[in-house]
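J.: start.cif (mmCIF, C-alpha atoms) pasted underneath:
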```cif
data_my_file
#
loop_
_atom_site.label_atom_id
_atom_site.label_comp_id
_atom_site.auth_asym_id
_atom_site.auth_seq_id
_atom_site.Cartn_x
_atom_site.Cartn_y
_atom_site.Cartn_z
CA MET A 664 -85.53 26.88 5.39
CA GLN A 665 -83.91 23.57 4.49
CA ILE A 666 -86.78 21.69 6.16
CA GLN A 667 -89.34 23.72 4.19
CA ARG A 668 -87.47 22.97 0.97
CA LEU A 669 -87.37 19.27 1.83
CA LEU A 670 -91.10 19.22 2.56
CA SER A 671 -91.79 20.97 -0.73
CA ASP A 672 -89.69 18.39 -2.60
CA ILE A 673 -91.58 15.57 -0.89
CA ASP A 674 -94.91 17.10 -1.90
CA ASN A 675 -93.77 17.26 -5.53
CA ILE A 676 -92.81 13.56 -5.68
CA SER A 677 -95.10 11.80 -8.12
CA THR A 678 -96.80 8.55 -7.09
CA VAL A 679 -96.75 7.28 -10.71
CA ARG A 680 -93.65 6.44 -12.74
CA HIS A 681 -93.61 6.14 -16.52
CA TYR A 682 -91.32 3.69 -18.30
CA GLY A 683 -90.45 3.14 -21.94
CA ARG A 684 -88.09 0.77 -23.75
CA VAL A 685 -84.97 1.29 -25.82
CA THR A 686 -85.66 0.31 -29.44
CA ALA A 687 -82.40 1.37 -31.10
CA VAL A 688 -78.92 2.68 -30.29
CA SER A 689 -76.88 4.48 -32.94
CA GLY A 690 -73.68 6.17 -31.85
CA LEU A 691 -74.65 8.50 -29.00
CA LEU A 692 -78.32 8.50 -30.01
CA VAL A 693 -80.86 6.28 -28.25
CA GLU A 694 -84.42 5.71 -29.52
CA VAL A 695 -87.07 5.13 -26.87
CA ALA A 696 -90.67 4.03 -27.47
CA GLY A 697 -93.68 3.90 -25.18
CA VAL A 698 -93.36 7.26 -23.41
CA GLU A 699 -93.05 9.71 -26.29
CA ARG A 700 -96.32 11.44 -25.30
CA LYS A 701 -94.92 12.13 -21.84
CA LEU A 702 -91.81 13.85 -23.19
CA SER A 703 -90.83 17.05 -24.94
CA VAL A 704 -87.52 18.39 -26.26
CA GLY A 705 -85.32 19.04 -23.21
CA SER A 706 -87.07 16.49 -20.97
CA ARG A 707 -84.92 14.06 -18.98
CA CYS A 708 -84.98 10.26 -18.74
CA PHE A 709 -82.96 7.68 -16.84
CA LEU A 710 -81.78 4.76 -18.95
CA ILE A 711 -81.45 1.64 -16.77
CA ALA A 712 -78.23 -0.16 -17.75
CA GLN A 713 -76.91 -3.55 -16.69
CA GLY A 714 -76.22 -3.72 -12.96
CA ASN A 715 -79.08 -1.25 -12.39
CA ARG A 716 -76.83 1.69 -13.35
CA ARG A 717 -78.88 4.77 -14.19
CA VAL A 718 -77.72 6.90 -17.12
CA LEU A 719 -79.19 10.39 -17.23
CA SER A 720 -80.26 11.36 -20.76
CA GLU A 721 -82.00 14.26 -22.46
CA VAL A 722 -84.56 14.31 -25.25
CA VAL A 723 -83.07 16.05 -28.30
CA GLY A 724 -85.80 15.27 -30.84
CA PHE A 725 -88.36 12.80 -32.18
CA ARG A 726 -88.34 10.47 -35.19
CA ASN A 727 -91.00 8.07 -36.47
CA GLY A 728 -93.04 8.41 -33.29
CA ARG A 729 -90.09 7.67 -30.99
CA ALA A 730 -88.09 9.91 -28.68
CA LEU A 731 -84.43 10.52 -29.48
CA LEU A 732 -82.22 10.72 -26.37
CA MET A 733 -78.58 11.55 -25.80
CA PRO A 734 -76.76 10.50 -22.61
CA PHE A 735 -74.80 12.66 -20.17
CA ASN A 736 -72.45 9.73 -19.53
CA SER A 737 -71.31 6.48 -21.14
CA LEU A 738 -73.88 4.18 -22.79
CA ASP A 739 -72.07 1.05 -21.57
CA GLY A 740 -74.63 -1.56 -20.55
CA ILE A 741 -77.51 -0.03 -22.57
CA GLY A 742 -79.09 -2.35 -25.14
CA LEU A 743 -82.33 -3.16 -26.90
CA GLY A 744 -85.18 -3.46 -24.42
CA SER A 745 -83.44 -1.50 -21.64
CA LYS A 746 -85.84 0.46 -19.46
CA ALA A 747 -86.18 4.23 -19.83
CA GLU A 748 -87.67 5.99 -16.79
CA VAL A 749 -89.15 9.46 -17.28
CA ALA A 750 -87.72 12.02 -14.85
CA GLU A 751 -90.54 14.13 -13.42
CA ALA A 752 -88.85 17.43 -12.62
CA GLN A 753 -87.51 19.87 -15.19
CA PRO A 754 -83.75 20.51 -14.80
CA THR A 755 -83.03 23.24 -12.24
CA VAL A 756 -80.22 24.18 -9.86
CA SER A 757 -80.53 25.68 -6.37
CA PRO A 758 -77.29 27.51 -5.50
CA SER A 759 -76.61 29.22 -2.19
CA ASP A 760 -73.93 31.51 -0.77
CA ALA A 761 -72.19 28.35 0.51
CA TRP A 762 -71.26 27.55 -3.10
CA LEU A 763 -68.56 30.23 -3.11
CA GLY A 764 -65.14 28.62 -3.22
CA ARG A 765 -66.54 25.39 -4.67
CA VAL A 766 -66.00 23.49 -7.92
CA VAL A 767 -68.95 21.69 -9.54
CA ASN A 768 -69.61 19.73 -12.71
CA ALA A 769 -72.26 20.45 -15.33
CA LEU A 770 -74.91 18.70 -13.20
CA GLY A 771 -74.19 20.92 -10.19
CA GLU A 772 -72.46 18.10 -8.29
CA PRO A 773 -69.33 18.90 -6.22
CA ILE A 774 -66.04 17.62 -7.67
CA ASP A 775 -63.60 19.30 -5.27
CA SER A 776 -63.58 16.76 -2.39
CA LYS A 777 -64.95 19.38 0.04
CA GLY A 778 -68.12 17.52 0.91
CA PRO A 779 -71.74 18.00 -0.19
CA LEU A 780 -73.13 21.34 -1.31
CA ILE A 781 -75.71 23.24 0.72
CA THR A 782 -78.60 23.93 -1.64
CA GLY A 783 -80.62 27.13 -1.59
CA ASP A 784 -84.34 27.74 -1.57
CA THR A 785 -84.65 29.26 -5.05
CA PRO A 786 -84.53 26.80 -7.97
CA ILE A 787 -83.14 28.38 -11.14
CA PRO A 788 -84.03 26.71 -14.49
CA LEU A 789 -80.89 25.66 -16.32
CA ARG A 790 -82.31 26.95 -19.60
CA ASN A 791 -83.72 30.13 -18.15
CA MET A 792 -85.14 32.93 -20.25
CA PRO A 793 -83.31 36.30 -20.31
CA PRO A 794 -84.98 39.11 -18.34
CA GLN A 795 -87.60 41.00 -20.33
CA ALA A 796 -85.81 43.70 -22.32
CA SER A 797 -88.25 46.48 -21.44
CA MET A 798 -87.97 45.72 -17.70
CA ARG A 799 -84.19 45.52 -17.43
CA GLN A 800 -82.04 48.12 -15.79
CA ARG A 801 -79.47 49.98 -17.86
CA VAL A 802 -75.78 49.15 -17.59
CA GLY A 803 -74.09 50.61 -14.52
CA GLY A 804 -70.81 52.38 -13.87
CA LYS A 805 -67.31 51.09 -14.56
CA ILE A 806 -66.09 47.72 -13.32
CA ASP A 807 -62.41 47.27 -12.48
CA LEU A 808 -61.03 44.24 -14.33
CA GLY A 809 -57.52 44.55 -12.90
CA VAL A 810 -55.84 44.48 -16.33
CA ARG A 811 -54.37 47.84 -17.31
CA ALA A 812 -54.97 47.61 -21.07
CA LEU A 813 -58.62 46.61 -20.57
CA ASN A 814 -59.35 49.17 -17.86
CA THR A 815 -57.93 52.03 -19.90
CA PHE A 816 -58.55 51.30 -23.58
CA LEU A 817 -61.55 48.94 -23.31
CA THR A 818 -63.30 50.16 -20.18
CA CYS A 819 -66.12 47.79 -19.24
CA CYS A 820 -69.38 48.72 -17.45
CA LEU A 821 -71.45 46.71 -14.97
CA GLY A 822 -73.77 44.48 -16.98
CA GLN A 823 -71.75 44.67 -20.20
CA ARG A 824 -70.97 41.56 -22.25
CA MET A 825 -67.62 41.29 -24.02
CA GLY A 826 -65.97 38.66 -26.18
CA ILE A 827 -62.30 37.63 -25.97
CA PHE A 828 -61.30 36.49 -29.47
CA ALA A 829 -58.06 34.54 -29.71
CA GLY A 830 -56.42 31.54 -31.28
CA SER A 831 -55.05 28.70 -29.20
CA GLY A 832 -51.98 29.43 -27.08
CA VAL A 833 -52.20 33.24 -27.25
CA GLY A 834 -52.81 33.75 -23.53
CA LYS A 835 -56.57 34.16 -23.06
CA SER A 836 -56.76 31.74 -20.11
CA ILE A 837 -53.99 33.64 -18.27
CA MET A 838 -55.71 36.95 -18.91
CA MET A 839 -59.04 35.57 -17.66
CA SER A 840 -57.35 34.33 -14.48
CA MET A 841 -55.89 37.82 -13.91
CA ILE A 842 -59.37 39.30 -14.28
CA ALA A 843 -60.83 36.76 -11.85
CA ARG A 844 -58.21 37.57 -9.20
CA TYR A 845 -58.19 41.36 -9.48
CA THR A 846 -61.73 42.35 -10.46
CA SER A 847 -63.87 44.55 -8.21
CA ALA A 848 -66.97 42.34 -8.76
CA ASP A 849 -68.72 40.86 -5.71
CA VAL A 850 -68.87 37.29 -7.08
CA ILE A 851 -67.11 35.50 -9.94
CA VAL A 852 -68.70 32.55 -11.74
CA ILE A 853 -66.31 30.74 -14.08
CA GLY A 854 -67.35 28.17 -16.65
CA LEU A 855 -64.65 26.00 -18.22
CA VAL A 856 -66.43 24.36 -21.15
CA GLY A 857 -64.54 21.58 -22.93
CA GLU A 858 -61.33 22.45 -21.09
CA ARG A 859 -58.26 20.19 -21.11
CA GLY A 860 -58.35 18.02 -17.99
CA ARG A 861 -54.68 18.67 -17.28
CA GLU A 862 -55.22 22.42 -17.08
CA VAL A 863 -58.05 22.41 -14.54
CA GLN A 864 -55.87 22.03 -11.43
CA GLU A 865 -53.32 24.46 -12.85
CA PHE A 866 -56.03 27.07 -13.38
CA ILE A 867 -57.50 26.62 -9.89
CA HIS A 868 -54.26 26.59 -7.88
CA ASP A 869 -51.70 28.48 -9.98
CA ASP A 870 -53.75 31.00 -11.95
CA LEU A 871 -56.80 31.65 -9.76
CA GLY A 872 -55.22 31.09 -6.34
CA GLU A 873 -56.88 30.94 -2.93
CA ASP A 874 -58.01 34.57 -2.92
CA GLY A 875 -59.67 34.27 -6.33
CA LEU A 876 -61.29 30.94 -5.50
CA ALA A 877 -62.76 32.24 -2.21
CA ARG A 878 -65.28 34.44 -4.04
CA SER A 879 -65.75 32.22 -7.09
CA VAL A 880 -67.83 29.28 -8.23
CA LEU A 881 -66.25 27.08 -10.92
CA VAL A 882 -68.26 24.94 -13.33
CA ILE A 883 -66.12 22.44 -15.20
CA ALA A 884 -66.78 20.08 -18.11
CA THR A 885 -63.61 18.67 -19.66
CA SER A 886 -63.12 17.89 -23.33
CA ASP A 887 -63.56 14.13 -22.83
CA GLU A 888 -67.09 14.47 -21.44
CA ALA A 889 -70.26 13.93 -23.47
CA PRO A 890 -71.48 16.84 -25.63
CA LEU A 891 -74.56 17.24 -23.41
CA MET A 892 -72.31 17.76 -20.37
CA ARG A 893 -70.22 20.34 -22.22
CA ARG A 894 -73.31 22.21 -23.38
CA GLN A 895 -74.94 22.05 -19.97
CA ALA A 896 -71.80 23.46 -18.31
CA ALA A 897 -72.55 26.73 -20.12
CA TYR A 898 -76.20 26.67 -18.98
CA MET A 899 -75.14 25.85 -15.41
CA THR A 900 -72.65 28.74 -15.37
CA LEU A 901 -75.33 31.27 -16.36
CA ALA A 902 -77.90 29.78 -13.95
CA ILE A 903 -75.52 30.16 -10.98
CA ALA A 904 -74.65 33.70 -12.07
CA GLU A 905 -78.38 34.51 -12.29
CA TYR A 906 -78.87 33.35 -8.71
CA TYR A 907 -76.26 35.77 -7.38
CA ARG A 908 -77.60 38.57 -9.59
CA GLY A 909 -81.00 37.96 -8.03
CA GLN A 910 -79.37 38.48 -4.62
CA GLY A 911 -78.46 42.04 -5.68
CA LYS A 912 -74.78 41.30 -6.31
CA ASN A 913 -72.58 42.42 -9.18
CA VAL A 914 -71.42 39.20 -10.78
CA LEU A 915 -68.52 38.69 -13.17
CA CYS A 916 -69.17 35.68 -15.40
CA LEU A 917 -66.17 34.24 -17.27
CA MET A 918 -66.71 31.47 -19.81
CA ASP A 919 -64.01 29.63 -21.73
CA SER A 920 -65.14 29.03 -24.36
CA ILE A 921 -68.25 29.78 -26.42
CA THR A 922 -66.68 27.96 -29.36
CA ARG A 923 -66.63 24.65 -27.46
CA PHE A 924 -70.26 25.23 -26.44
CA ALA A 925 -71.08 25.66 -30.15
CA MET A 926 -69.12 22.53 -31.03
CA ALA A 927 -71.07 20.53 -28.44
CA GLN A 928 -74.34 21.89 -29.89
CA ARG A 929 -73.11 20.89 -33.35
CA GLU A 930 -72.54 17.29 -32.21
CA ILE A 931 -76.00 17.18 -30.64
CA GLY A 932 -77.76 18.73 -33.63
CA LEU A 933 -76.07 16.54 -36.24
CA SER A 934 -76.79 13.40 -34.19
CA ALA A 935 -80.47 14.39 -34.01
CA GLY A 936 -80.57 14.65 -37.82
CA GLU A 937 -80.30 18.40 -38.38
CA PRO A 938 -78.83 19.48 -41.72
CA PRO A 939 -75.31 20.92 -41.56
CA THR A 940 -74.92 24.51 -42.72
CA THR A 941 -71.90 26.84 -42.43
CA LYS A 942 -68.78 24.81 -41.51
CA GLY A 943 -71.02 21.91 -40.49
CA TYR A 944 -72.88 23.85 -37.80
CA PRO A 945 -76.63 23.09 -37.78
CA PRO A 946 -79.19 25.92 -37.51
CA THR A 947 -79.83 25.35 -33.78
CA THR A 948 -76.24 26.35 -32.99
CA PHE A 949 -76.89 29.90 -34.17
CA SER A 950 -80.28 30.06 -32.43
CA GLU A 951 -78.85 28.81 -29.11
CA LEU A 952 -76.02 31.39 -29.01
CA PRO A 953 -78.24 34.48 -28.41
CA LYS A 954 -80.40 32.55 -25.94
CA LEU A 955 -77.30 31.86 -23.85
CA LEU A 956 -75.49 35.19 -24.25
CA GLU A 957 -78.57 37.36 -23.63
CA ARG A 958 -78.99 35.85 -20.16
CA ALA A 959 -76.04 37.93 -18.99
CA GLY A 960 -76.38 41.65 -18.44
CA PRO A 961 -78.25 43.92 -16.02
CA GLY A 962 -81.07 42.41 -13.99
CA LEU A 963 -84.53 43.70 -13.19
CA GLN A 964 -85.15 46.55 -10.75
CA GLY A 965 -83.69 45.68 -7.35
CA GLU A 966 -81.35 43.03 -8.76
CA GLY A 967 -77.63 43.18 -9.46
CA SER A 968 -75.87 42.64 -12.77
CA ILE A 969 -73.93 40.01 -14.68
CA THR A 970 -70.87 41.41 -16.43
CA ALA A 971 -69.78 38.66 -18.80
CA LEU A 972 -66.57 37.89 -20.68
CA PHE A 973 -66.93 35.03 -23.16
CA SER A 974 -63.82 33.69 -24.85
CA VAL A 975 -64.07 32.68 -28.50
CA LEU A 976 -61.47 30.26 -29.86
CA VAL A 977 -61.05 31.45 -33.44
CA ASP A 978 -60.32 28.61 -35.84
CA GLY A 979 -56.95 29.06 -37.58
CA ASP A 980 -56.73 32.66 -36.28
CA ASP A 981 -59.64 33.50 -38.62
CA HIS A 982 -61.61 36.16 -36.74
CA ASN A 983 -64.42 35.99 -39.32
CA GLU A 984 -65.22 32.30 -38.92
CA PRO A 985 -68.95 31.59 -38.29
CA ILE A 986 -69.03 31.36 -34.47
CA ALA A 987 -66.77 34.39 -34.00
CA ASP A 988 -68.84 36.39 -36.47
CA ALA A 989 -72.18 35.43 -34.86
CA THR A 990 -70.91 36.08 -31.33
CA ARG A 991 -69.42 39.45 -32.20
CA GLY A 992 -72.81 40.60 -33.48
CA ILE A 993 -74.53 39.76 -30.17
CA LEU A 994 -72.05 41.10 -27.62
CA ASP A 995 -71.32 44.66 -26.51
CA GLY A 996 -67.70 44.70 -27.62
CA HIS A 997 -64.75 42.48 -28.43
CA ILE A 998 -61.19 42.04 -27.18
CA VAL A 999 -58.81 40.72 -29.84
CA LEU A 1000 -55.69 38.81 -28.78
CA GLU A 1001 -53.20 38.54 -31.61
CA ARG A 1002 -50.56 35.86 -32.11
CA SER A 1003 -48.04 38.24 -33.68
CA ILE A 1004 -48.11 40.41 -30.54
CA ALA A 1005 -47.62 37.36 -28.29
CA GLU A 1006 -44.73 36.20 -30.47
CA ARG A 1007 -42.83 39.40 -29.81
CA GLY A 1008 -43.25 38.87 -26.06
CA ARG A 1009 -45.91 41.39 -25.07
CA TYR A 1010 -48.58 39.96 -22.75
CA PRO A 1011 -51.50 40.26 -22.59
CA ALA A 1012 -51.36 40.23 -26.40
CA ILE A 1013 -54.28 42.64 -26.88
CA ASN A 1014 -54.53 44.39 -30.22
CA VAL A 1015 -56.06 47.64 -28.94
CA LEU A 1016 -56.71 49.00 -32.45
CA ARG A 1017 -58.85 45.98 -33.42
CA SER A 1018 -60.70 45.84 -30.09
CA ILE A 1019 -63.65 47.93 -28.97
CA SER A 1020 -65.92 48.43 -25.96
CA ARG A 1021 -69.26 49.83 -27.15
CA MET A 1022 -70.19 51.15 -23.70
CA MET A 1023 -66.87 52.91 -23.04
CA PRO A 1024 -67.64 56.40 -24.39
CA GLN A 1025 -70.74 56.66 -22.17
CA CYS A 1026 -69.08 55.58 -18.93
CA ASN A 1027 -65.93 57.72 -19.32
CA ASN A 1028 -65.69 61.46 -18.77
CA ASP A 1029 -64.49 63.81 -21.54
CA ASP A 1030 -60.91 64.01 -20.26
CA GLU A 1031 -60.57 60.21 -20.15
CA ASN A 1032 -62.02 59.82 -23.66
CA GLU A 1033 -59.68 62.47 -25.06
CA LEU A 1034 -56.70 60.74 -23.41
CA VAL A 1035 -57.60 57.38 -24.92
CA ILE A 1036 -58.30 58.85 -28.36
CA ARG A 1037 -54.89 60.53 -28.42
CA ALA A 1038 -53.11 57.32 -27.42
CA ARG A 1039 -55.04 55.35 -30.06
CA LYS A 1040 -54.05 57.88 -32.75
CA LEU A 1041 -50.38 57.49 -31.80
CA MET A 1042 -50.61 53.70 -31.91
CA ALA A 1043 -52.45 53.81 -35.25
CA ALA A 1044 -49.82 56.12 -36.75
CA TYR A 1045 -47.03 53.77 -35.66
CA ASP A 1046 -48.93 50.69 -36.87
CA ASN A 1047 -49.42 52.22 -40.34
CA MET A 1048 -45.66 52.65 -40.79
CA ALA A 1049 -44.49 49.66 -38.70
CA GLU A 1050 -43.09 47.66 -41.63
CA MET A 1051 -41.08 50.57 -43.01
CA ILE A 1052 -39.78 51.42 -39.53
CA ARG A 1053 -38.59 47.85 -38.94
CA LEU A 1054 -36.92 47.72 -42.35
CA GLY A 1055 -35.20 51.05 -41.73
CA ALA A 1056 -36.90 52.57 -44.77
CA TYR A 1057 -38.52 55.40 -42.83
CA ARG A 1058 -36.52 58.60 -42.38
CA ARG A 1059 -37.17 60.77 -39.37
CA GLY A 1060 -38.66 64.13 -40.32
CA SER A 1061 -40.70 62.73 -43.23
CA ASP A 1062 -43.95 62.86 -41.27
CA PRO A 1063 -44.40 64.72 -37.93
CA ALA A 1064 -47.23 62.40 -36.80
CA THR A 1065 -45.09 59.29 -37.39
CA ASP A 1066 -42.10 60.89 -35.65
CA GLU A 1067 -44.28 61.56 -32.61
CA ALA A 1068 -45.64 58.01 -32.66
CA ILE A 1069 -42.10 56.58 -32.76
CA ARG A 1070 -41.13 58.64 -29.69
CA TYR A 1071 -44.10 57.41 -27.67
CA ASN A 1072 -44.17 53.80 -28.87
CA PRO A 1073 -41.73 52.20 -26.34
CA GLU A 1074 -43.60 53.67 -23.35
CA LEU A 1075 -47.04 52.76 -24.76
CA GLU A 1076 -45.88 49.18 -25.39
CA ALA A 1077 -44.61 48.97 -21.81
CA PHE A 1078 -47.92 50.38 -20.59
CA LEU A 1079 -49.88 47.65 -22.42
CA SER A 1080 -47.64 44.91 -21.01
CA GLN A 1081 -48.51 43.43 -17.61
CA ARG A 1082 -47.21 40.47 -15.61
CA LYS A 1083 -49.60 37.85 -14.28
CA ASP A 1084 -48.95 38.85 -10.66
CA ASP A 1085 -49.20 42.61 -11.32
CA GLN A 1086 -52.50 44.25 -10.38
CA SER A 1087 -53.60 47.56 -11.87
CA THR A 1088 -56.66 49.58 -10.86
CA LEU A 1089 -58.84 51.82 -13.03
CA ASP A 1090 -57.35 55.01 -11.60
CA ASP A 1091 -53.79 53.71 -11.92
CA GLY A 1092 -54.26 53.06 -15.62
CA TYR A 1093 -55.50 56.53 -16.52
CA GLN A 1094 -52.91 58.22 -14.32
CA GLN A 1095 -50.04 56.27 -15.91
CA LEU A 1096 -51.31 56.93 -19.42
CA ALA A 1097 -51.69 60.65 -18.67
CA ALA A 1098 -48.14 60.74 -17.27
CA ILE A 1099 -46.79 59.17 -20.49
CA LEU A 1100 -48.64 61.47 -22.88
CA ASN A 1101 -48.02 64.67 -20.91
CA LYS A 1102 -44.24 64.25 -20.60
CA ARG A 1103 -43.50 66.15 -23.77
#
```
Rewrite the coordinates I just gave you, this time as structure tokens.
T.:
Amino acid sequence: MQIQRLLSDIDNISTVRHYGRVTAVSGLLVEVAGVERKLSVGSRCFLIAQGNRRVLSEVVGFRNGRALLMPFNSLDGIGLGSKAEVAEAQPTVSPSDAWLGRVVNALGEPIDSKGPLITGDTPIPLRNMPPQASMRQRVGGKIDLGVRALNTFLTCCLGQRMGIFAGSGVGKSIMMSMIARYTSADVIVIGLVGERGREVQEFIHDDLGEDGLARSVLVIATSDEAPLMRRQAAYMTLAIAEYYRGQGKNVLCLMDSITRFAMAQREIGLSAGEPPTTKGYPPTTFSELPKLLERAGPGLQGEGSITALFSVLVDGDDHNEPIADATRGILDGHIVLERSIAERGRYPAINVLRSISRMMPQCNNDDENELVIRARKLMAAYDNMAEMIRLGAYRRGSDPATDEAIRYNPELEAFLSQRKDDQSTLDDGYQQLAAILNKR
């Protein structure tokens, strides 16, 4: 198969190369003339820097009859008159089962010192189109995420897409690592978009661990990399997940975070001359979000599914800021992590009352739904009177519903709390909740 793939690549090699010249450099934007008729938005070029260093770049627009390019790496050594070579092939990636346990960058190159990657025979376009809506399968049965609060109160189905909305330092990365280690999915594809470089090794070795890494593929673009690399890390993550879905596997796709993908798109759009709109985000940011998020979900007949959890870094703990608001409208539910809950020491800091899984009522039976509804009512009753209870202004006997909520609150809070090394299955969660609510 590898020989056939090699022969096919050789057959596709063009005998003619097209070159242009750099006419201007402004910030991260490079103007190239001479090959604009050979290019379109999304095409690739190699800028030839001093010392014959080749800098991969992408066309992000056109101005005054010239192509506007942005680089994937540093522009050091690029000046007026530098050559620009048109890359023939459209950007694709060819994963294989040998990619499991590996760490790659946004270009699909290995960065884990484990040697070269074995490529597959099926090229997947990085900017692939979502499956046709009328041909897709429906969402499947429940998927075990290994986190008790999610499994019980926000049950997720195979092919569902959820958002994790949280401010910085509230514990979303830890919760995502717990999901990656304990989930029942066949394959996990994790995209760290704009992540802190210091945290990458900690996430791989401390949070994910050997068992989690063995059935995962990690795509990493750190915060210091070019905006094109950060944006492409998101595309690469979905392309790899689509490959495994095409193999009939149930894939769990974790991406941290959609906000940094949007920020990278904002840098690209503003550099290309787009007008800023809400909070400085150009229009393409809001058109690219659904194109990316819709790629996850159930596949066509005979394929598997991509169950996706996308984290959203809410700016200043404002859950109605533009990216959070746009993302929430596309996804099939949202998980809200709240700073006030984390501050009182309960992790994961999920606010169950503000979170919702839109597919949960359909995938649960009547007994499970009734159990969850009762627990939610108790938590809501306590939450409504929480301030008065803390101040000592509430007198027992004033309201029977509040009295009942106060009795159950310590056990429900303990139920929602879970250590990083504590695994909980779907059945365990419902059994424990039933045991709490049926004691009295």
J.: Using the chain letters and residue numbers of this document, give as number ranges by chain the residues selected by the PyMOL selection byres ((chain A and resi 870) around 9).
T.: A: 836-837, 840-841, 844, 865-869, 871-872, 875, 1083
J.: Would you kindly translate the PyMOL selection byres ((chain A and resi 681) around 6) into the concrete residues it picks from this file, as a PyMOL selection string?
T.: chain A and resi 680+682+748-749
J.: Restricted to C-alpha atoms, what would the selected residues look like written as a PDB file, keeping the file's coordinate frame?
T.:
```
ATOM      1  CA  ARG A 680     -93.650   6.440 -12.740  1.00  0.00           C
ATOM      2  CA  TYR A 682     -91.320   3.690 -18.300  1.00  0.00           C
ATOM      3  CA  GLU A 748     -87.670   5.990 -16.790  1.00  0.00           C
ATOM      4  CA  VAL A 749     -89.150   9.460 -17.280  1.00  0.00           C
TER       5      VAL A 749
END
```
J.: Would you please work out which residue, of A:Ala812, A:Leu994, A:Leu855, A:Val704, is nearest to Arg1021 in chain A when using only C-alpha atoms?
T.: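 Of all the options, A:Leu994 lies closest to Arg1021 in chain A.
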J.: Identify which of the residues A:Asn1072, A:Ser920, A:Asn1028, A:Gln800 lies closest to Glu858 in chain A, counting only C-alpha atoms when measuring atom-to-atom distances.
T.: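 Nearest candidate to Glu858 in chain A out of A:Asn1072, A:Ser920, A:Asn1028, A:Gln800: A:Ser920.
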J.: For range 688-695 of chain A, find every residue with an atom within 8 Å (counting only C-alpha atoms), except residues of its own chain fewer than 2 positions away, and show them as a PyMOL selection string.
T.: chain A and resi 683-686+697-699+729-734+738+742-743+747+934-935
J.: Would you mind listing what lies within 9 Å of Ala1044 in chain A as a compact mmCIF listing (two decimals) with C-alpha atoms, in the coordinates of the input, with all atoms listed in the file counted and same-chain residues fewer than 5 positions away left out?
T.:
```txt
# COMPACT_ATOMS: atom_id res chain seq x y z
CA ARG A 1039 -55.04 55.35 -30.06
CA ALA A 1049 -44.49 49.66 -38.70
CA ALA A 1064 -47.23 62.40 -36.80
CA THR A 1065 -45.09 59.29 -37.39
CA GLU A 1067 -44.28 61.56 -32.61
CA ALA A 1068 -45.64 58.01 -32.66
CA ILE A 1069 -42.10 56.58 -32.76
```
J.: Hey, what comes out of the PyMOL selection byres ((chain A and resi 1035) around 12) on this file? Could you write it as a ChimeraX atom specification?
T.: /A:812-818,1015-1016,1019,1023-1024,1027-1034,1036-1042,1075,1092-1097,1099-1100
J.: Name the closest residue to Thr755 in chain A among the candidates A:Leu770, A:Ala796, A:Ala987, A:Val850; distances are taken between atoms, counting only C-alpha atoms.
T.: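 Under the stated criterion, the closest residue is A:Leu770.
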